[in-house]
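So this block is final07.txt, compact mmCIF, C-alpha atoms:
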```
# COMPACT_ATOMS: atom_id res chain seq x y z
CA ALA A 1 -50.85 -144.06 -33.72
CA MET A 2 -51.06 -147.60 -32.31
CA LEU A 3 -47.89 -147.25 -30.25
CA LYS A 4 -48.90 -143.84 -28.92
CA GLU A 5 -52.29 -145.08 -27.72
CA ALA A 6 -50.74 -148.30 -26.37
CA LYS A 7 -48.38 -146.28 -24.16
CA GLY A 8 -51.41 -144.46 -22.73
CA LEU A 9 -53.15 -147.75 -22.02
CA ALA A 10 -50.02 -149.10 -20.35
CA ALA A 11 -50.13 -146.12 -18.02
CA ILE A 12 -53.64 -146.96 -16.77
CA GLY A 13 -52.65 -150.51 -15.89
CA VAL A 14 -53.57 -152.97 -18.62
CA ASP A 15 -51.95 -156.34 -17.93
CA LEU A 16 -51.23 -157.44 -21.48
CA PHE A 17 -51.69 -156.67 -25.16
CA ASP A 18 -52.41 -159.15 -27.89
CA VAL A 19 -51.98 -158.98 -31.66
CA THR A 20 -54.26 -160.79 -34.08
CA ASP A 21 -52.97 -162.82 -37.02
CA ASN A 22 -54.55 -161.49 -40.22
CA SER A 23 -58.05 -161.85 -38.78
CA GLY A 24 -60.83 -162.00 -41.32
CA ALA A 25 -58.27 -163.28 -43.85
CA ALA A 26 -57.22 -159.66 -44.44
CA VAL A 27 -53.62 -158.55 -44.83
CA ASN A 28 -52.10 -156.76 -41.84
CA ILE A 29 -48.59 -156.18 -40.53
CA GLY A 30 -47.22 -159.45 -39.18
CA ALA A 31 -48.16 -160.38 -35.63
CA VAL A 32 -44.61 -161.15 -34.44
CA GLY A 33 -43.12 -157.82 -35.50
CA THR A 34 -46.09 -155.85 -34.20
CA ALA A 35 -45.99 -157.65 -30.85
CA TYR A 36 -42.27 -156.98 -30.55
CA ARG A 37 -42.77 -153.24 -31.17
CA LEU A 38 -45.62 -153.10 -28.65
CA GLN A 39 -43.72 -154.97 -25.99
CA GLN A 40 -40.59 -152.85 -26.48
CA ALA A 41 -42.51 -149.58 -26.42
CA THR A 42 -44.73 -150.32 -23.42
CA GLN A 43 -42.91 -153.00 -21.39
CA ILE A 44 -46.28 -154.80 -21.24
CA PRO A 45 -46.28 -158.56 -22.08
CA THR A 46 -47.74 -159.03 -25.54
CA LEU A 47 -49.35 -162.19 -26.87
CA ILE A 48 -49.71 -163.16 -30.50
CA HIS A 49 -52.65 -164.96 -32.05
CA TRP A 50 -51.14 -167.70 -34.20
CA THR A 51 -53.18 -169.48 -36.84
CA THR A 52 -52.67 -172.58 -38.95
CA ARG A 53 -54.49 -172.04 -42.22
CA SER A 54 -52.06 -169.82 -44.14
CA ARG A 55 -48.61 -171.24 -43.32
CA ASN A 56 -46.87 -174.47 -44.18
CA LEU A 57 -44.99 -176.46 -41.56
CA ILE A 58 -41.61 -174.91 -42.39
CA SER A 59 -42.87 -171.33 -42.22
CA MET A 60 -44.86 -172.06 -39.07
CA GLN A 61 -41.80 -173.25 -37.15
CA SER A 62 -39.52 -170.55 -38.52
CA HIS A 63 -41.83 -167.73 -37.40
CA LEU A 64 -42.31 -169.30 -33.99
CA LEU A 65 -38.54 -169.47 -33.51
CA GLU A 66 -38.40 -165.81 -34.55
CA ALA A 67 -41.00 -164.98 -31.88
CA GLU A 68 -38.95 -166.81 -29.25
CA ALA A 69 -35.79 -164.96 -30.27
CA LEU A 70 -37.59 -161.62 -29.97
CA GLY A 71 -39.01 -162.40 -26.54
CA ILE A 72 -42.60 -162.96 -27.66
CA ARG A 73 -43.62 -166.04 -25.71
CA GLY A 74 -47.38 -165.77 -25.22
CA ILE A 75 -49.41 -167.50 -27.93
CA VAL A 76 -53.13 -167.91 -28.54
CA ALA A 77 -53.24 -170.96 -30.83
CA LEU A 78 -56.13 -170.81 -33.30
CA SER A 79 -57.28 -172.38 -36.54
CA GLY A 80 -57.89 -168.94 -38.03
CA ASP A 81 -60.27 -167.74 -40.70
CA HIS A 82 -60.48 -169.55 -44.02
CA PRO A 83 -58.33 -167.71 -46.59
CA LYS A 84 -61.33 -167.22 -48.86
CA ALA A 85 -63.22 -165.39 -46.09
CA GLY A 86 -61.28 -162.27 -47.04
CA PRO A 87 -60.76 -160.38 -50.31
CA TYR A 88 -58.27 -162.86 -51.81
CA GLU A 89 -60.32 -165.43 -53.69
CA THR A 90 -57.25 -167.22 -55.05
CA ALA A 91 -55.62 -167.65 -51.61
CA SER A 92 -55.16 -171.30 -50.68
CA LEU A 93 -55.79 -173.17 -47.46
CA VAL A 94 -52.57 -174.75 -46.14
CA PRO A 95 -53.34 -178.09 -44.46
CA ASP A 96 -49.89 -178.90 -42.98
CA VAL A 97 -51.02 -178.17 -39.40
CA ARG A 98 -54.71 -178.90 -38.94
CA GLY A 99 -56.29 -176.81 -36.23
CA ALA A 100 -55.38 -175.44 -32.82
CA VAL A 101 -54.77 -178.80 -31.13
CA GLN A 102 -52.13 -179.82 -33.68
CA LEU A 103 -50.57 -176.37 -33.41
CA MET A 104 -50.31 -176.84 -29.64
CA LYS A 105 -48.58 -180.18 -30.18
CA LEU A 106 -46.05 -178.38 -32.37
CA ILE A 107 -45.49 -175.62 -29.80
CA ALA A 108 -45.08 -178.24 -27.07
CA ARG A 109 -42.30 -179.89 -29.11
CA LEU A 110 -40.54 -176.54 -29.49
CA ASN A 111 -40.79 -176.15 -25.72
CA GLN A 112 -39.04 -179.52 -25.47
CA GLY A 113 -36.23 -178.24 -27.69
CA GLU A 114 -37.03 -179.95 -30.97
CA LEU A 115 -38.63 -179.34 -34.34
CA ALA A 116 -41.46 -181.38 -35.81
CA ASP A 117 -38.96 -183.79 -37.43
CA GLY A 118 -37.28 -184.44 -34.08
CA SER A 119 -34.12 -182.44 -34.78
CA SER A 120 -32.75 -180.37 -31.91
CA ILE A 121 -32.99 -176.57 -31.77
CA GLY A 122 -30.31 -176.42 -29.10
CA GLU A 123 -32.33 -174.97 -26.24
CA PRO A 124 -36.05 -175.35 -25.53
CA CYS A 125 -38.43 -172.50 -26.24
CA GLY A 126 -40.40 -170.99 -23.39
CA PHE A 127 -43.83 -170.45 -24.91
CA TYR A 128 -46.87 -169.98 -22.66
CA TYR A 129 -49.84 -170.87 -24.80
CA GLY A 130 -53.59 -171.27 -24.81
CA GLY A 131 -56.47 -171.38 -27.23
CA GLY A 132 -59.95 -170.20 -27.97
CA PHE A 133 -63.30 -171.22 -26.55
CA THR A 134 -66.69 -171.00 -28.24
CA ILE A 135 -69.62 -169.52 -26.33
CA ALA A 136 -72.94 -171.22 -27.08
CA GLU A 137 -76.20 -172.30 -25.48
CA ASN A 138 -74.93 -175.89 -25.47
CA LEU A 139 -71.38 -175.82 -24.14
CA GLN A 140 -70.82 -179.57 -23.92
CA PRO A 141 -69.02 -180.11 -27.28
CA HIS A 142 -66.91 -177.00 -26.75
CA VAL A 143 -65.87 -178.09 -23.26
CA LYS A 144 -64.82 -181.43 -24.75
CA HIS A 145 -62.72 -179.65 -27.38
CA LEU A 146 -61.18 -177.44 -24.69
CA ALA A 147 -60.25 -180.57 -22.73
CA ASN A 148 -58.27 -181.75 -25.78
CA LYS A 149 -56.37 -178.45 -25.74
CA VAL A 150 -55.66 -178.76 -22.02
CA ALA A 151 -54.28 -182.24 -22.70
CA GLN A 152 -51.80 -180.62 -25.12
CA GLY A 153 -50.60 -178.16 -22.51
CA ALA A 154 -52.95 -175.19 -22.95
CA ASN A 155 -52.67 -172.86 -19.95
CA PHE A 156 -55.54 -170.50 -20.70
CA ALA A 157 -58.50 -169.91 -23.00
CA TYR A 158 -59.76 -166.78 -24.71
CA THR A 159 -63.53 -167.04 -24.99
CA GLN A 160 -65.55 -165.60 -27.79
CA PRO A 161 -67.23 -162.34 -26.74
CA VAL A 162 -69.87 -162.58 -24.03
CA TRP A 163 -72.72 -160.17 -23.42
CA THR A 164 -74.41 -161.46 -20.28
CA TYR A 165 -73.17 -162.25 -16.80
CA GLU A 166 -75.25 -165.46 -16.86
CA ASP A 167 -73.26 -166.78 -19.83
CA ILE A 168 -70.02 -166.13 -17.96
CA VAL A 169 -71.21 -168.03 -14.88
CA HIS A 170 -72.50 -170.87 -17.07
CA THR A 171 -69.14 -171.11 -18.87
CA GLN A 172 -67.12 -170.87 -15.66
CA GLN A 173 -69.08 -173.67 -14.04
CA ALA A 174 -68.83 -175.86 -17.15
CA THR A 175 -65.03 -175.51 -17.42
CA GLU A 176 -63.80 -175.22 -13.84
CA HIS A 177 -62.93 -178.93 -13.64
CA LEU A 178 -60.32 -178.44 -16.38
CA GLY A 179 -58.15 -176.21 -14.19
CA ILE A 180 -57.51 -173.70 -16.97
CA LYS A 181 -57.58 -169.91 -16.79
CA MET A 182 -60.59 -168.47 -18.63
CA LEU A 183 -60.38 -164.95 -20.04
CA TYR A 184 -63.74 -163.59 -21.22
CA GLY A 185 -64.03 -161.49 -24.35
CA ILE A 186 -65.71 -158.09 -23.98
CA LEU A 187 -66.88 -156.44 -27.22
CA PRO A 188 -69.13 -153.36 -27.15
CA LEU A 189 -71.88 -153.63 -29.75
CA THR A 190 -72.60 -150.47 -31.74
CA SER A 191 -75.79 -151.08 -33.73
CA PHE A 192 -78.53 -153.53 -34.62
CA ARG A 193 -76.77 -154.13 -37.92
CA SER A 194 -73.43 -154.97 -36.32
CA ALA A 195 -75.05 -157.22 -33.71
CA SER A 196 -77.00 -159.07 -36.42
CA TYR A 197 -73.86 -159.45 -38.55
CA LEU A 198 -71.80 -160.86 -35.68
CA ARG A 199 -74.54 -163.33 -34.85
CA ASP A 200 -75.75 -164.35 -38.32
CA ASN A 201 -72.55 -164.12 -40.38
CA LEU A 202 -69.76 -164.80 -37.90
CA GLY A 203 -71.71 -167.25 -35.75
CA LEU A 204 -71.20 -165.51 -32.41
CA TYR A 205 -73.71 -166.31 -29.72
CA ILE A 206 -75.61 -163.13 -28.84
CA PRO A 207 -78.90 -163.59 -26.98
CA GLN A 208 -81.84 -162.28 -28.98
CA PHE A 209 -82.91 -159.88 -26.25
CA ILE A 210 -79.52 -158.17 -26.49
CA VAL A 211 -79.82 -157.79 -30.25
CA ASP A 212 -83.37 -156.43 -29.95
CA LYS A 213 -82.21 -153.62 -27.66
CA PHE A 214 -80.48 -152.03 -30.65
CA ARG A 215 -83.45 -152.20 -33.00
CA ASP A 216 -84.47 -148.76 -34.36
CA LEU A 217 -81.55 -146.96 -32.70
CA GLY A 218 -79.38 -144.53 -34.64
CA ASP A 219 -75.59 -144.69 -34.74
CA THR A 220 -74.93 -142.45 -31.74
CA ALA A 221 -77.63 -144.03 -29.57
CA GLY A 222 -76.44 -147.50 -30.55
CA GLN A 223 -72.86 -146.76 -29.56
CA GLU A 224 -73.98 -145.28 -26.24
CA LEU A 225 -76.16 -148.30 -25.48
CA GLY A 226 -73.33 -150.68 -26.41
CA MET A 227 -70.97 -149.02 -23.94
CA GLN A 228 -73.68 -148.89 -21.25
CA LEU A 229 -74.35 -152.63 -21.55
CA CYS A 230 -70.64 -153.38 -21.63
CA LEU A 231 -69.91 -151.35 -18.49
CA GLU A 232 -72.85 -152.94 -16.67
CA LEU A 233 -71.47 -156.38 -17.50
CA VAL A 234 -67.97 -155.44 -16.34
CA ARG A 235 -69.36 -154.08 -13.05
CA ASN A 236 -71.27 -157.32 -12.51
CA ILE A 237 -68.09 -159.32 -13.09
CA ARG A 238 -66.11 -157.10 -10.72
CA ASN A 239 -68.69 -157.13 -7.92
CA GLN A 240 -69.84 -160.75 -8.03
CA ASP A 241 -68.81 -163.39 -5.50
CA GLU A 242 -70.54 -166.35 -7.13
CA CYS A 243 -67.45 -167.84 -8.75
CA GLU A 244 -63.80 -166.99 -9.31
CA ILE A 245 -63.31 -165.27 -12.66
CA ASP A 246 -59.73 -165.09 -13.93
CA GLY A 247 -60.09 -162.00 -16.09
CA ILE A 248 -61.35 -160.32 -19.22
CA TYR A 249 -59.83 -159.18 -22.49
CA LEU A 250 -61.17 -156.31 -24.56
CA ILE A 251 -62.09 -156.21 -28.24
CA PRO A 252 -62.74 -152.62 -29.40
CA PRO A 253 -65.18 -152.21 -32.31
CA ALA A 254 -63.31 -152.73 -35.58
CA ARG A 255 -64.38 -149.51 -37.31
CA MET A 256 -63.13 -147.18 -34.58
CA ASN A 257 -59.88 -145.26 -35.05
CA TRP A 258 -57.03 -145.83 -32.61
CA LYS A 259 -57.92 -142.80 -30.47
CA ASN A 260 -61.53 -143.90 -29.97
CA ARG A 261 -60.47 -147.51 -29.38
CA ALA A 262 -58.13 -146.33 -26.64
CA ARG A 263 -60.94 -144.27 -25.08
CA VAL A 264 -63.29 -147.27 -25.02
CA ILE A 265 -60.63 -149.60 -23.60
CA SER A 266 -59.63 -147.04 -20.97
CA GLU A 267 -63.22 -146.62 -19.76
CA ILE A 268 -63.77 -150.37 -19.49
CA VAL A 269 -60.45 -150.96 -17.70
CA LYS A 270 -61.14 -148.21 -15.15
CA THR A 271 -64.61 -149.66 -14.50
CA TYR A 272 -63.22 -153.18 -14.08
CA ARG A 273 -60.49 -152.06 -11.69
```
Would you mind giving the structure from this file in structure tokens?
Amino acid sequence: AMLKEAKGLAAIGVDLFDVTDNSGAAVNIGAVGTAYRLQQATQIPTLIHWTTRSRNLISMQSHLLEAEALGIRGIVALSGDHPKAGPYETASLVPDVRGAVQLMKLIARLNQGELADGSSIGEPCGFYYGGGFTIAENLQPHVKHLANKVAQGANFAYTQPVWTYEDIVHTQQATEHLGIKMLYGILPLTSFRSASYLRDNLGLYIPQFIVDKFRDLGDTAGQELGMQLCLELVRNIRNQDECEIDGIYLIPPARMNWKNRARVISEIVKTYR
């Protein structure tokens, strides 16, 4: 189902796909293999999210070399969710590579043709990598952290989801001196419950007035409002001339099936174009 819907999305002009890395500390098919299948089936460049908390240093390098061999060269370097955030209470945190900045240092060494111990891999890898960026009322500490990633060679940043044009402009102005491409996350909300969960449990920054719009709405009305707000935001991004915005990436609601996810993505892409 995923490959079928991905081919349809390729036909409407998406620029890239990305594959998460066991997000939520849940078990999914591996990111490298999934990205390879997507890229082969659609001929669209496919990035992988790559996290540090569930792999030791040997496994980390081995899988990255596998990605290089399979032509998967775009990486979003992330710390990832704590293993105990998911259903596996006995899963352990692996501290060999601590956080996204250290992961970027490791990727940079592979791009120089060597492993972490300095031994040669023959030819350098060609990874194009970036990291995440936290959206918040106070951006200063997050801009500082992003500067550390840029210092390690990050070429782009995926922001957490944004729900207002003002937050995009604020973020763009706060980060423009870093000279890094910023891609803004777009996630349609579906209900008051989901909005509250994302804000209160996952720590995403959602302005209170956005959350309140969903109060007392049923499932259908909530989904319709979520898409309406999302499309309004995308139109504002497309039509604005206040600052140069590099692009957006789309996060379909998790509980939708592949067909409905593709429908949502298609509508947003057509509006943005």
Closest contacts (stretch 63-173 of chain A/stretch 1-20 of chain A, max 9 Å, only C-alpha atoms) as a tab-separated table:
```
residue	atom	partner	partner_atom	distance
A:Gly74	CA	A:Asp18	CA	8.7
A:Ile75	CA	A:Asp18	CA	8.9
A:Val76	CA	A:Asp18	CA	8.8
```
Atom CA of A:Gln228 to atom CA of A:Asp212, straight-line distance in Å: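 Between these atoms lies a distance of 15.0 Å.
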Distance cut-off 8 Å, centre (-65.5, -151.3, -30.0) in file coordinates, counting only C-alpha atoms: which residues qualify? Return them as a PDB file with C-alpha atoms, in the frame of the given file.
```pdb
ATOM      1  CA  LEU A 187     -66.880-156.440 -27.220  1.00  0.00           C
ATOM      2  CA  PRO A 188     -69.130-153.360 -27.150  1.00  0.00           C
ATOM      3  CA  LEU A 189     -71.880-153.630 -29.750  1.00  0.00           C
ATOM      4  CA  THR A 190     -72.600-150.470 -31.740  1.00  0.00           C
ATOM      5  CA  ILE A 251     -62.090-156.210 -28.240  1.00  0.00           C
ATOM      6  CA  PRO A 252     -62.740-152.620 -29.400  1.00  0.00           C
ATOM      7  CA  PRO A 253     -65.180-152.210 -32.310  1.00  0.00           C
ATOM      8  CA  ALA A 254     -63.310-152.730 -35.580  1.00  0.00           C
ATOM      9  CA  ARG A 255     -64.380-149.510 -37.310  1.00  0.00           C
ATOM     10  CA  MET A 256     -63.130-147.180 -34.580  1.00  0.00           C
ATOM     11  CA  ARG A 261     -60.470-147.510 -29.380  1.00  0.00           C
ATOM     12  CA  VAL A 264     -63.290-147.270 -25.020  1.00  0.00           C
TER      13      VAL A 264
END
```
Which of A:Lys213, A:Lys84, A:Arg238, A:Lys259 sits closest to A:Tyr165 [using all atoms listed in the file]: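 Among A:Lys213, A:Lys84, A:Arg238, A:Lys259, it is A:Arg238 that comes nearest to A:Tyr165.
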Selection near A:Leu47, 12 Å with all atoms listed in the file, sequence-local residues under 5 positions removed, as a PyMOL selection string: chain A and resi 15-21+31-39+67-68+71-77+127-131+158+249
Shortest interatomic distance to A:Ile245 - which of A:Met227, A:Ile168, A:Ile210, A:Ala262, counting all atoms listed in the file: A:Ile168
For A:Ala195, the nearest of the candidates A:Asn111, A:Gln240, A:Gln223, A:Gln173, counting all atoms listed in the file: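 Of A:Asn111, A:Gln240, A:Gln223, A:Gln173, the one nearest A:Ala195, counting all atoms listed in the file, is A:Gln223.
When atom CA of A:Phe133 is paired with atom CA of A:Gln40, their separation reads 29.2 Å.
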Minimum-distance residue to A:Ile248, chosen among A:Val97, A:Leu70, A:Ile186, A:Leu229 (using all atoms listed in the file):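 Among A:Val97, A:Leu70, A:Ile186, A:Leu229, it is A:Ile186 that comes nearest to A:Ile248.
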Residue list as an NGL selection string for point (-56.9, -173.9, -44.7), cut-off 7 Å, all atoms listed in the file: :A and (53-54 or 82-83 or 92-95)
Close residues, A:Met104 itself excluded, 9 Å, only C-alpha atoms, min 2 positions apart in chain, as a PyMOL selection string: chain A and resi 77+99-102+106-109+129-131+149+152-154
Kindly export the residues of the current selection with C-alpha atoms, as a PDB file, in the frame of the given file.
```
ATOM      1  CA  ALA A  77     -53.240-170.960 -30.830  1.00  0.00           C
ATOM      2  CA  GLY A  99     -56.290-176.810 -36.230  1.00  0.00           C
ATOM      3  CA  ALA A 100     -55.380-175.440 -32.820  1.00  0.00           C
ATOM      4  CA  VAL A 101     -54.770-178.800 -31.130  1.00  0.00           C
ATOM      5  CA  GLN A 102     -52.130-179.820 -33.680  1.00  0.00           C
ATOM      6  CA  LEU A 106     -46.050-178.380 -32.370  1.00  0.00           C
ATOM      7  CA  ILE A 107     -45.490-175.620 -29.800  1.00  0.00           C
ATOM      8  CA  ALA A 108     -45.080-178.240 -27.070  1.00  0.00           C
ATOM      9  CA  ARG A 109     -42.300-179.890 -29.110  1.00  0.00           C
ATOM     10  CA  TYR A 129     -49.840-170.870 -24.800  1.00  0.00           C
ATOM     11  CA  GLY A 130     -53.590-171.270 -24.810  1.00  0.00           C
ATOM     12  CA  GLY A 131     -56.470-171.380 -27.230  1.00  0.00           C
ATOM     13  CA  LYS A 149     -56.370-178.450 -25.740  1.00  0.00           C
ATOM     14  CA  GLN A 152     -51.800-180.620 -25.120  1.00  0.00           C
ATOM     15  CA  GLY A 153     -50.600-178.160 -22.510  1.00  0.00           C
ATOM     16  CA  ALA A 154     -52.950-175.190 -22.950  1.00  0.00           C
TER      17      ALA A 154
END
```
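Take the candidates A:Gln140, A:Asn201, A:Asn28, A:Asn236 and check each one against A:Ala174 using all atoms listed in the file; the shortest distance goes to A:Gln140.
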Between atom CA of A:Ser196 and atom CA of A:Asp246, distance in Å (one decimal):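 These atoms are spaced 29.0 Å apart.
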Pick from A:Glu114, A:Glu224, A:Glu137, A:Asp81 nearest to A:Thr171, counting only C-alpha atoms: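 Comparing A:Glu114, A:Glu224, A:Glu137, A:Asp81 against A:Thr171, the winner is A:Glu137.
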If we count all atoms listed in the file, what is near A:Val211 at a cut-off of 10 Å, once residues fewer than 4 positions away on the same chain are taken out, given as a compact mmCIF listing (two decimals) with C-alpha atoms, keeping the file's coordinate frame?
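Result written to part18.txt:
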```txt
# COMPACT_ATOMS: atom_id res chain seq x y z
CA LEU A 189 -71.88 -153.63 -29.75
CA SER A 191 -75.79 -151.08 -33.73
CA PHE A 192 -78.53 -153.53 -34.62
CA ARG A 193 -76.77 -154.13 -37.92
CA SER A 194 -73.43 -154.97 -36.32
CA ALA A 195 -75.05 -157.22 -33.71
CA SER A 196 -77.00 -159.07 -36.42
CA ARG A 199 -74.54 -163.33 -34.85
CA ILE A 206 -75.61 -163.13 -28.84
CA PRO A 207 -78.90 -163.59 -26.98
CA ARG A 215 -83.45 -152.20 -33.00
```
Nearby residues (all atoms listed in the file) at most 9 Å from A:Gln61, same-chain spacing under 5 positions excluded, as an MDAnalysis selection string: chainID A and resid 56 66 106:107 110 115:116
Completed stretch 232-256 of chain A (N, CA and C atoms) as a compact mmCIF listing (two decimals), in the frame of the given file:
```txt
# COMPACT_ATOMS: atom_id res chain seq x y z
N GLU A 232 -72.02 -152.22 -17.64
CA GLU A 232 -72.85 -152.94 -16.67
C GLU A 232 -72.34 -154.36 -16.47
N LEU A 233 -71.99 -155.02 -17.58
CA LEU A 233 -71.47 -156.38 -17.50
C LEU A 233 -70.16 -156.42 -16.73
N VAL A 234 -69.27 -155.48 -17.01
CA VAL A 234 -67.97 -155.44 -16.34
C VAL A 234 -68.15 -155.19 -14.84
N ARG A 235 -69.09 -154.31 -14.48
CA ARG A 235 -69.36 -154.08 -13.05
C ARG A 235 -69.87 -155.35 -12.38
N ASN A 236 -70.75 -156.07 -13.07
CA ASN A 236 -71.27 -157.32 -12.51
C ASN A 236 -70.15 -158.33 -12.29
N ILE A 237 -69.22 -158.40 -13.23
CA ILE A 237 -68.09 -159.32 -13.09
C ILE A 237 -67.24 -158.91 -11.89
N ARG A 238 -66.97 -157.62 -11.79
CA ARG A 238 -66.11 -157.10 -10.72
C ARG A 238 -66.73 -157.32 -9.34
N ASN A 239 -68.04 -157.13 -9.23
CA ASN A 239 -68.69 -157.13 -7.92
C ASN A 239 -69.21 -158.48 -7.47
N GLN A 240 -69.23 -159.47 -8.37
CA GLN A 240 -69.84 -160.75 -8.03
C GLN A 240 -68.95 -161.56 -7.10
N ASP A 241 -69.56 -162.46 -6.34
CA ASP A 241 -68.81 -163.39 -5.50
C ASP A 241 -69.32 -164.82 -5.69
N GLU A 242 -69.94 -165.05 -6.85
CA GLU A 242 -70.54 -166.35 -7.13
C GLU A 242 -69.50 -167.39 -7.55
N CYS A 243 -68.50 -166.94 -8.29
CA CYS A 243 -67.45 -167.84 -8.75
C CYS A 243 -66.20 -167.01 -9.02
N GLU A 244 -65.06 -167.69 -9.07
CA GLU A 244 -63.80 -166.99 -9.31
C GLU A 244 -63.58 -166.82 -10.81
N ILE A 245 -63.50 -165.57 -11.25
CA ILE A 245 -63.31 -165.27 -12.66
C ILE A 245 -61.89 -164.76 -12.86
N ASP A 246 -61.16 -165.39 -13.78
CA ASP A 246 -59.73 -165.09 -13.93
C ASP A 246 -59.48 -163.74 -14.56
N GLY A 247 -60.33 -163.30 -15.47
CA GLY A 247 -60.09 -162.00 -16.09
C GLY A 247 -60.87 -161.82 -17.37
N ILE A 248 -60.69 -160.66 -17.97
CA ILE A 248 -61.35 -160.32 -19.22
C ILE A 248 -60.30 -159.81 -20.21
N TYR A 249 -60.63 -159.87 -21.48
CA TYR A 249 -59.83 -159.18 -22.49
C TYR A 249 -60.79 -158.37 -23.35
N LEU A 250 -60.30 -157.29 -23.92
CA LEU A 250 -61.17 -156.31 -24.56
C LEU A 250 -60.97 -156.30 -26.06
N ILE A 251 -62.09 -156.25 -26.78
CA ILE A 251 -62.09 -156.21 -28.24
C ILE A 251 -62.79 -154.92 -28.65
N PRO A 252 -62.07 -153.86 -29.00
CA PRO A 252 -62.74 -152.62 -29.40
C PRO A 252 -63.41 -152.80 -30.76
N PRO A 253 -64.51 -152.10 -31.01
CA PRO A 253 -65.18 -152.21 -32.31
C PRO A 253 -64.21 -151.93 -33.46
N ALA A 254 -64.31 -152.74 -34.51
CA ALA A 254 -63.31 -152.73 -35.58
C ALA A 254 -63.25 -151.40 -36.34
N ARG A 255 -64.36 -150.71 -36.47
CA ARG A 255 -64.38 -149.51 -37.31
C ARG A 255 -63.96 -148.24 -36.57
N MET A 256 -63.60 -148.35 -35.32
CA MET A 256 -63.13 -147.18 -34.58
C MET A 256 -61.67 -146.88 -34.91
```
